[in-house]
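I have placed the structure first, in the form of structure tokens, so that the comments after it can refer back to it.
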Amino acid sequence: MFISAFAFALMSALVKAASLLGVPLLQIIFVRAVISVLLSLADIRRVGAHPLGHRRGLLLARGVSGFIALTSVFYAIIHLPIAAATMLHYMHPVFTALLAFIFLLERPTRATLICIVLSLIGLGFMVTPLWLSEAPTRLAFWPVMAGLGGALGSGIAYTLVRKLVATEQPSVIVLYFPMVCIPGTLLLGGADFVWPDAMGWWVLLGVGCFTQLGQLTLTKAMQLDSASRATSLSYIQIVFAALLGWLFFAEVPALATQIGGALILLGAMVSAWLQPKEAR
């Protein structure tokens with residue numbers, strides 16, 4: 001989950017960079033999906049799995065929910081500071097824990113609940129000043145709604161992943177994501193695609209590769225642990241995103257962001273340290 005979080009943070013920074021280079025949102029998703037298809041098919045061939053899997057209805061639902069979530073998250077990343085967009089997206093462990101409890105009958109452990117509570121308090125520290133600010137950087141309504149919608153979509157997708165890992169190879173689960181994204185982006189925005197310069201192509205390649213790494217390590221984590229605990233650890237991505245935003249986009253974290261990030265880190269450590277003891 002830590003590798004996944006770092007990969008997704010790098011992906012977010014590259015999405016922001018691609019947008020600044022003039023690449024449309026849906027084209028970023030399209031190129032990312034094409035790269036993901038190629039990498040997923042190569043891995044599926046390596047392990048000898050069937051590319052369409054077994055539970056195809058659930059796999060397709062995972063692809064659709066992932067496409068909606070990804071579009072919403074990328075929209076928020078482009079229109080908000082990276083750390084703020086990532087904070088909004090990382091409401092998804094709350095949705096995942098709730099959905100996993102309802103549909104998978106997974107009861108969150110005490111460590112997971114502590115992690116979620118600490119992380120939500122940290123999220124509040126980081127978001128509230130942005131809501132109250134009168135500066136031009138104040139969070140806009142639709143990007144915020146997109147960020148929260150992406151969190152809900154991710155919660156649905158992660159719950160489906162948790163259900164699918166019992167019967168499906170991880171790369172097969174990942175493959176259905178771009179299989180929905182490619183026709184979806186072409187249908188909704190293909191007419192607006194542009195031809196990037198050399199730097200644009202390298203940035204788009206990075207988006208695809210780091211997203212694939214994030215997806216595969218996330219799916220593997222879901223295979224090894226409960227959905228609610230695995231996704232609660234992914235809150236660390238907020239800290240990675242804040243650091244990358246500071247390094248590459250001069251987005252200096254405010255004091256409230258630093259306090260919130262510390263609480264989120266504490267929640268992740270509680271989940272990592274206490275969960276194994278409770279499991280025994």
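Within each chain, counting starts at residue 1; across the structure tokens, chains are named A, B, ... in the order shown, with ligands numbered 1 upward in that order.
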
So that each row is one residue of stretch 121-220 of chain A with an atom at most 12 Å from stretch 68-81 of chain A, can you give its shortest atom pair and the distance in Å to one decimal, using only C-alpha atoms, rows by chain and rising number, as CSV?
residue,atom,partner,partner_atom,distance
A:Met126,CA,A:Pro81,CA,11.9
A:Val127,CA,A:Pro81,CA,11.4
A:Leu130,CA,A:Pro81,CA,10.5
A:Pro136,CA,A:Leu80,CA,11.3
A:Thr137,CA,A:Leu80,CA,8.1
A:Arg138,CA,A:Leu80,CA,8.9
A:Leu139,CA,A:Leu80,CA,6.9
A:Ala140,CA,A:Leu80,CA,8.1
A:Phe141,CA,A:Ala76,CA,10.3
A:Trp142,CA,A:Ala76,CA,8.3
A:Pro143,CA,A:Ala76,CA,4.7
A:Val144,CA,A:Ala76,CA,6.7
A:Met145,CA,A:Ala76,CA,8.4
A:Ala146,CA,A:Ser72,CA,4.8
A:Gly147,CA,A:Val73,CA,5.4
A:Leu148,CA,A:Ser72,CA,8.3
A:Gly149,CA,A:Ser72,CA,6.5
A:Gly150,CA,A:Ala69,CA,4.0
A:Ala151,CA,A:Ala69,CA,6.9
A:Leu152,CA,A:Ala69,CA,7.4
A:Gly153,CA,A:Ala69,CA,4.6
A:Ser154,CA,A:Ala69,CA,5.6
A:Gly155,CA,A:Ala69,CA,9.0
A:Ile156,CA,A:Ala69,CA,9.1
A:Ala157,CA,A:Ala69,CA,8.4
A:Tyr158,CA,A:Ala69,CA,10.9
A:Phe177,CA,A:Leu70,CA,9.7
A:Pro178,CA,A:Leu70,CA,10.7
A:Val180,CA,A:Ile68,CA,9.8
A:Cys181,CA,A:Ile68,CA,8.9
A:Gly184,CA,A:Ile68,CA,9.7
A:Thr185,CA,A:Thr71,CA,9.4
A:Leu188,CA,A:Thr71,CA,11.3
A:Gly189,CA,A:Thr71,CA,11.8
A:Val207,CA,A:Phe74,CA,11.2
A:Thr211,CA,A:Leu70,CA,10.6
A:Gln215,CA,A:Leu70,CA,11.9

inquiry  = Run DSSP on the backbone and tell me which residues of stretch 90-179 of chain A come out as helix (DSSP H, G or I); list them as a ChimeraX atom specification.
reply    = /A:92-103,110-132,141-164,170-179

request  = Skip stretch 159-162 of chain A itself and residues of its chain fewer than 5 positions away, then list as an NGL selection string all residues within 8 Å of it, counting only C-alpha atoms.
outcome  = :A and (58-59 or 61-62 or 96 or 99-100 or 104 or 173 or 219 or 222-223 or 226-227)

With all heavy atoms retained, export the selected residues as an mmCIF file, in the first residue's frame.
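As a result, selection06.cif now contains:
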data_model
loop_
_atom_site.group_PDB
_atom_site.id
_atom_site.type_symbol
_atom_site.label_atom_id
_atom_site.label_comp_id
_atom_site.auth_asym_id
_atom_site.auth_seq_id
_atom_site.Cartn_x
_atom_site.Cartn_y
_atom_site.Cartn_z
ATOM 1 N N LEU A 58 -18.902 -8.648 -12.633
ATOM 2 C CA LEU A 58 -18.273 -7.866 -11.572
ATOM 3 C C LEU A 58 -17.021 -7.154 -12.070
ATOM 4 O O LEU A 58 -16.733 -6.030 -11.673
ATOM 5 C CB LEU A 58 -17.915 -8.774 -10.391
ATOM 6 C CG LEU A 58 -19.070 -9.254 -9.499
ATOM 7 C CD1 LEU A 58 -18.557 -10.186 -8.414
ATOM 8 C CD2 LEU A 58 -19.804 -8.063 -8.882
ATOM 9 N N LEU A 59 -16.274 -7.809 -12.957
ATOM 10 C CA LEU A 59 -15.086 -7.180 -13.518
ATOM 11 C C LEU A 59 -15.455 -5.937 -14.327
ATOM 12 O O LEU A 59 -14.792 -4.903 -14.249
ATOM 13 C CB LEU A 59 -14.329 -8.178 -14.402
ATOM 14 C CG LEU A 59 -13.550 -9.269 -13.653
ATOM 15 C CD1 LEU A 59 -13.158 -10.395 -14.606
ATOM 16 C CD2 LEU A 59 -12.305 -8.680 -12.997
ATOM 17 N N ALA A 61 -18.165 -4.113 -13.877
ATOM 18 C CA ALA A 61 -18.613 -3.106 -12.914
ATOM 19 C C ALA A 61 -17.418 -2.418 -12.272
ATOM 20 O O ALA A 61 -17.434 -1.198 -12.048
ATOM 21 C CB ALA A 61 -19.483 -3.754 -11.841
ATOM 22 N N ARG A 62 -16.358 -3.175 -11.979
ATOM 23 C CA ARG A 62 -15.148 -2.573 -11.430
ATOM 24 C C ARG A 62 -14.532 -1.597 -12.440
ATOM 25 O O ARG A 62 -14.058 -0.518 -12.075
ATOM 26 C CB ARG A 62 -14.135 -3.668 -11.074
ATOM 27 C CG ARG A 62 -12.867 -3.160 -10.373
ATOM 28 C CD ARG A 62 -11.773 -2.855 -11.392
ATOM 29 N NE ARG A 62 -10.559 -2.363 -10.748
ATOM 30 C CZ ARG A 62 -10.302 -1.101 -10.503
ATOM 31 N NH1 ARG A 62 -11.214 -0.169 -10.798
ATOM 32 N NH2 ARG A 62 -9.166 -0.716 -9.964
ATOM 33 N N THR A 96 -15.037 2.763 1.533
ATOM 34 C CA THR A 96 -14.655 1.362 1.377
ATOM 35 C C THR A 96 -14.999 0.550 2.616
ATOM 36 O O THR A 96 -15.534 -0.558 2.520
ATOM 37 C CB THR A 96 -13.145 1.255 1.086
ATOM 38 O OG1 THR A 96 -12.838 2.009 -0.091
ATOM 39 C CG2 THR A 96 -12.735 -0.193 0.863
ATOM 40 N N LEU A 99 -18.811 0.121 2.690
ATOM 41 C CA LEU A 99 -19.280 -0.805 1.664
ATOM 42 C C LEU A 99 -18.813 -2.228 1.941
ATOM 43 O O LEU A 99 -19.559 -3.190 1.718
ATOM 44 C CB LEU A 99 -18.793 -0.347 0.292
ATOM 45 C CG LEU A 99 -19.399 0.967 -0.227
ATOM 46 C CD1 LEU A 99 -18.637 1.465 -1.445
ATOM 47 C CD2 LEU A 99 -20.871 0.778 -0.574
ATOM 48 N N ALA A 100 -17.575 -2.373 2.426
ATOM 49 C CA ALA A 100 -17.069 -3.703 2.758
ATOM 50 C C ALA A 100 -17.859 -4.316 3.912
ATOM 51 O O ALA A 100 -18.100 -5.527 3.944
ATOM 52 C CB ALA A 100 -15.584 -3.630 3.110
ATOM 53 N N LEU A 104 -19.489 -7.161 2.005
ATOM 54 C CA LEU A 104 -18.534 -8.246 2.202
ATOM 55 C C LEU A 104 -18.551 -8.781 3.622
ATOM 56 O O LEU A 104 -17.826 -9.720 3.938
ATOM 57 C CB LEU A 104 -17.115 -7.767 1.859
ATOM 58 C CG LEU A 104 -16.902 -7.177 0.463
ATOM 59 C CD1 LEU A 104 -15.434 -6.784 0.282
ATOM 60 C CD2 LEU A 104 -17.341 -8.142 -0.616
ATOM 61 N N ILE A 173 -7.948 -8.090 -13.255
ATOM 62 C CA ILE A 173 -8.797 -7.071 -12.625
ATOM 63 C C ILE A 173 -8.403 -5.682 -13.121
ATOM 64 O O ILE A 173 -9.260 -4.867 -13.462
ATOM 65 C CB ILE A 173 -8.675 -7.154 -11.090
ATOM 66 C CG1 ILE A 173 -9.123 -8.533 -10.594
ATOM 67 C CG2 ILE A 173 -9.498 -6.059 -10.421
ATOM 68 C CD1 ILE A 173 -8.889 -8.760 -9.110
ATOM 69 N N THR A 219 -3.933 -3.794 -5.821
ATOM 70 C CA THR A 219 -4.666 -5.052 -5.964
ATOM 71 C C THR A 219 -4.003 -6.161 -5.167
ATOM 72 O O THR A 219 -4.678 -6.980 -4.525
ATOM 73 C CB THR A 219 -4.755 -5.444 -7.452
ATOM 74 O OG1 THR A 219 -5.384 -4.386 -8.178
ATOM 75 C CG2 THR A 219 -5.577 -6.711 -7.637
ATOM 76 N N MET A 222 -4.885 -5.719 -1.549
ATOM 77 C CA MET A 222 -6.255 -6.179 -1.297
ATOM 78 C C MET A 222 -6.312 -7.703 -1.215
ATOM 79 O O MET A 222 -7.127 -8.268 -0.494
ATOM 80 C CB MET A 222 -7.173 -5.702 -2.427
ATOM 81 C CG MET A 222 -7.362 -4.201 -2.453
ATOM 82 S SD MET A 222 -8.394 -3.665 -1.087
ATOM 83 C CE MET A 222 -9.227 -2.311 -1.834
ATOM 84 N N GLN A 223 -5.432 -8.363 -1.974
ATOM 85 C CA GLN A 223 -5.409 -9.823 -1.981
ATOM 86 C C GLN A 223 -4.878 -10.366 -0.659
ATOM 87 O O GLN A 223 -5.237 -11.467 -0.242
ATOM 88 C CB GLN A 223 -4.520 -10.289 -3.141
ATOM 89 C CG GLN A 223 -4.800 -11.692 -3.633
ATOM 90 C CD GLN A 223 -4.063 -11.966 -4.928
ATOM 91 O OE1 GLN A 223 -2.983 -11.424 -5.180
ATOM 92 N NE2 GLN A 223 -4.627 -12.806 -5.765
ATOM 93 N N SER A 226 -7.659 -7.190 4.471
ATOM 94 C CA SER A 226 -9.037 -6.721 4.331
ATOM 95 C C SER A 226 -9.071 -5.401 3.577
ATOM 96 O O SER A 226 -8.126 -4.619 3.592
ATOM 97 C CB SER A 226 -9.672 -6.529 5.714
ATOM 98 O OG SER A 226 -9.069 -5.452 6.393
ATOM 99 N N ALA A 227 -10.211 -5.137 2.902
ATOM 100 C CA ALA A 227 -10.344 -3.931 2.082
ATOM 101 C C ALA A 227 -10.222 -2.666 2.929
ATOM 102 O O ALA A 227 -9.564 -1.703 2.549
ATOM 103 C CB ALA A 227 -11.689 -3.956 1.348
#

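Within 7 Å of stretch 2-5 of chain A there are Ala9, Leu213, Gly214, Gln215, Thr217, Leu218, Ser234, Ile236 and Gln237 of chain A, counting only C-alpha atoms and ignoring same-chain residues fewer than 4 positions away.
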
Next, dump the selected residues to file, keeping only all heavy atoms, as an mmCIF file, in the first residue's frame.
data_model
loop_
_atom_site.group_PDB
_atom_site.id
_atom_site.type_symbol
_atom_site.label_atom_id
_atom_site.label_comp_id
_atom_site.auth_asym_id
_atom_site.auth_seq_id
_atom_site.Cartn_x
_atom_site.Cartn_y
_atom_site.Cartn_z
ATOM 1 N N ALA A 9 0.802 9.168 -6.114
ATOM 2 C CA ALA A 9 1.178 10.564 -5.913
ATOM 3 C C ALA A 9 2.001 11.072 -7.089
ATOM 4 O O ALA A 9 1.794 12.203 -7.576
ATOM 5 C CB ALA A 9 1.963 10.710 -4.608
ATOM 6 N N LEU A 213 1.666 0.730 -11.845
ATOM 7 C CA LEU A 213 2.346 0.268 -10.635
ATOM 8 C C LEU A 213 1.441 0.431 -9.420
ATOM 9 O O LEU A 213 1.341 -0.474 -8.573
ATOM 10 C CB LEU A 213 3.647 1.051 -10.439
ATOM 11 C CG LEU A 213 4.430 0.758 -9.153
ATOM 12 C CD1 LEU A 213 4.873 -0.697 -9.109
ATOM 13 C CD2 LEU A 213 5.641 1.694 -9.036
ATOM 14 N N GLY A 214 0.765 1.573 -9.319
ATOM 15 C CA GLY A 214 -0.137 1.801 -8.204
ATOM 16 C C GLY A 214 -1.290 0.819 -8.178
ATOM 17 O O GLY A 214 -1.657 0.294 -7.117
ATOM 18 N N GLN A 215 -1.864 0.544 -9.361
ATOM 19 C CA GLN A 215 -2.995 -0.389 -9.436
ATOM 20 C C GLN A 215 -2.580 -1.798 -9.045
ATOM 21 O O GLN A 215 -3.287 -2.490 -8.308
ATOM 22 C CB GLN A 215 -3.560 -0.395 -10.869
ATOM 23 C CG GLN A 215 -4.334 0.853 -11.249
ATOM 24 C CD GLN A 215 -5.736 0.847 -10.677
ATOM 25 O OE1 GLN A 215 -6.199 -0.136 -10.123
ATOM 26 N NE2 GLN A 215 -6.413 1.967 -10.816
ATOM 27 N N THR A 217 0.055 -2.877 -7.218
ATOM 28 C CA THR A 217 0.398 -3.021 -5.802
ATOM 29 C C THR A 217 -0.832 -2.873 -4.917
ATOM 30 O O THR A 217 -0.942 -3.542 -3.885
ATOM 31 C CB THR A 217 1.470 -2.001 -5.405
ATOM 32 O OG1 THR A 217 1.078 -0.687 -5.845
ATOM 33 C CG2 THR A 217 2.805 -2.343 -6.044
ATOM 34 N N LEU A 218 -1.785 -2.022 -5.323
ATOM 35 C CA LEU A 218 -3.037 -1.898 -4.582
ATOM 36 C C LEU A 218 -3.816 -3.209 -4.621
ATOM 37 O O LEU A 218 -4.313 -3.695 -3.595
ATOM 38 C CB LEU A 218 -3.886 -0.771 -5.168
ATOM 39 C CG LEU A 218 -5.328 -0.670 -4.666
ATOM 40 C CD1 LEU A 218 -5.355 -0.306 -3.192
ATOM 41 C CD2 LEU A 218 -6.113 0.348 -5.479
ATOM 42 N N SER A 234 -3.492 3.721 2.760
ATOM 43 C CA SER A 234 -3.172 4.521 1.580
ATOM 44 C C SER A 234 -3.278 6.017 1.833
ATOM 45 O O SER A 234 -2.930 6.817 0.962
ATOM 46 C CB SER A 234 -4.106 4.131 0.420
ATOM 47 O OG SER A 234 -5.457 4.425 0.738
ATOM 48 N N ILE A 236 -1.352 7.748 3.316
ATOM 49 C CA ILE A 236 -0.006 8.309 3.236
ATOM 50 C C ILE A 236 0.213 9.035 1.916
ATOM 51 O O ILE A 236 1.099 9.883 1.787
ATOM 52 C CB ILE A 236 1.039 7.183 3.432
ATOM 53 C CG1 ILE A 236 2.449 7.754 3.613
ATOM 54 C CG2 ILE A 236 1.020 6.218 2.268
ATOM 55 C CD1 ILE A 236 2.626 8.523 4.860
ATOM 56 N N GLN A 237 -0.612 8.734 0.900
ATOM 57 C CA GLN A 237 -0.468 9.408 -0.391
ATOM 58 C C GLN A 237 -0.642 10.920 -0.254
ATOM 59 O O GLN A 237 -0.051 11.695 -1.015
ATOM 60 C CB GLN A 237 -1.477 8.865 -1.406
ATOM 61 C CG GLN A 237 -1.285 9.487 -2.796
ATOM 62 C CD GLN A 237 -2.336 9.042 -3.786
ATOM 63 O OE1 GLN A 237 -2.929 7.971 -3.632
ATOM 64 N NE2 GLN A 237 -2.571 9.837 -4.807
#

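Residues lying within 9 Å of A:Phe193, counting only C-alpha atoms and ignoring same-chain neighbours fewer than 3 positions away, are Val23, Pro24, Leu26, Gln27, Leu186, Gly189 and Gly190 of chain A.
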
May I have the selected residues written with N, CA, C and O atoms, as a PDB file, in the first residue's frame?
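Below is the file that was written, out06.pdb:
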ATOM      1  N   VAL A  23      -2.585  19.204 -22.577  1.00  0.00           N
ATOM      2  CA  VAL A  23      -3.224  17.935 -22.930  1.00  0.00           C
ATOM      3  C   VAL A  23      -4.594  17.861 -22.254  1.00  0.00           C
ATOM      4  O   VAL A  23      -4.689  18.031 -21.033  1.00  0.00           O
ATOM      5  N   PRO A  24      -5.690  17.603 -23.012  1.00  0.00           N
ATOM      6  CA  PRO A  24      -7.028  17.531 -22.407  1.00  0.00           C
ATOM      7  C   PRO A  24      -7.149  16.392 -21.399  1.00  0.00           C
ATOM      8  O   PRO A  24      -6.436  15.385 -21.486  1.00  0.00           O
ATOM      9  N   LEU A  26      -9.495  14.034 -20.876  1.00  0.00           N
ATOM     10  CA  LEU A  26      -9.848  12.704 -21.371  1.00  0.00           C
ATOM     11  C   LEU A  26      -8.717  12.084 -22.181  1.00  0.00           C
ATOM     12  O   LEU A  26      -8.585  10.853 -22.232  1.00  0.00           O
ATOM     13  N   GLN A  27      -7.882  12.899 -22.812  1.00  0.00           N
ATOM     14  CA  GLN A  27      -6.738  12.347 -23.532  1.00  0.00           C
ATOM     15  C   GLN A  27      -5.699  11.796 -22.567  1.00  0.00           C
ATOM     16  O   GLN A  27      -5.062  10.777 -22.849  1.00  0.00           O
ATOM     17  N   LEU A 186     -12.760   8.004 -25.838  1.00  0.00           N
ATOM     18  CA  LEU A 186     -12.916   8.291 -27.266  1.00  0.00           C
ATOM     19  C   LEU A 186     -14.319   8.799 -27.573  1.00  0.00           C
ATOM     20  O   LEU A 186     -14.500   9.727 -28.374  1.00  0.00           O
ATOM     21  N   GLY A 189     -14.663  12.456 -25.592  1.00  0.00           N
ATOM     22  CA  GLY A 189     -13.773  13.588 -25.857  1.00  0.00           C
ATOM     23  C   GLY A 189     -12.748  13.383 -26.936  1.00  0.00           C
ATOM     24  O   GLY A 189     -11.796  14.179 -27.038  1.00  0.00           O
ATOM     25  N   GLY A 190     -12.905  12.348 -27.766  1.00  0.00           N
ATOM     26  CA  GLY A 190     -11.909  12.054 -28.792  1.00  0.00           C
ATOM     27  C   GLY A 190     -11.684  13.192 -29.767  1.00  0.00           C
ATOM     28  O   GLY A 190     -10.567  13.389 -30.259  1.00  0.00           O
TER      29      GLY A 190
END

inquiry  = Under the rule that only C-alpha atoms are counted, which of A:Ala111, A:Leu105, A:Leu20, A:Val34 is the nearest residue to A:Phe249?
reply    = A:Leu20

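Considering the residues A:Pro108, A:Gly22, A:Gly122, A:Gly63 and counting only C-alpha atoms, A:Tyr90 has its shortest atom-to-atom contact with A:Gly122.
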
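Among the candidate residues A:Phe101, A:Asp192, A:Leu120, A:Lys16, the one lying nearest to A:Phe30 is A:Asp192, with distances computed using only C-alpha atoms.
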
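The environment of stretch 41-57 of chain A within 12 Å, counting only C-alpha atoms and disregarding residues fewer than 6 places along the same chain, consists of A:Val34, A:Ile35, A:Gly63, A:Val64, A:Leu160, A:Val161, A:Lys163, A:Leu164, A:Val165, A:Ala166, A:Thr167, A:Glu168, A:Gln169, A:Pro170, A:Ser171, A:Val172, A:Ile173, A:Val174, A:Leu175, A:Tyr176, A:Phe177, A:Pro178, A:Met179, A:Gln212, A:Leu216.
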
query = How far is it from atom CA of A:Leu118 to atom CA of A:Ile82, in Å with one decimal?
reply = 21.1 Å
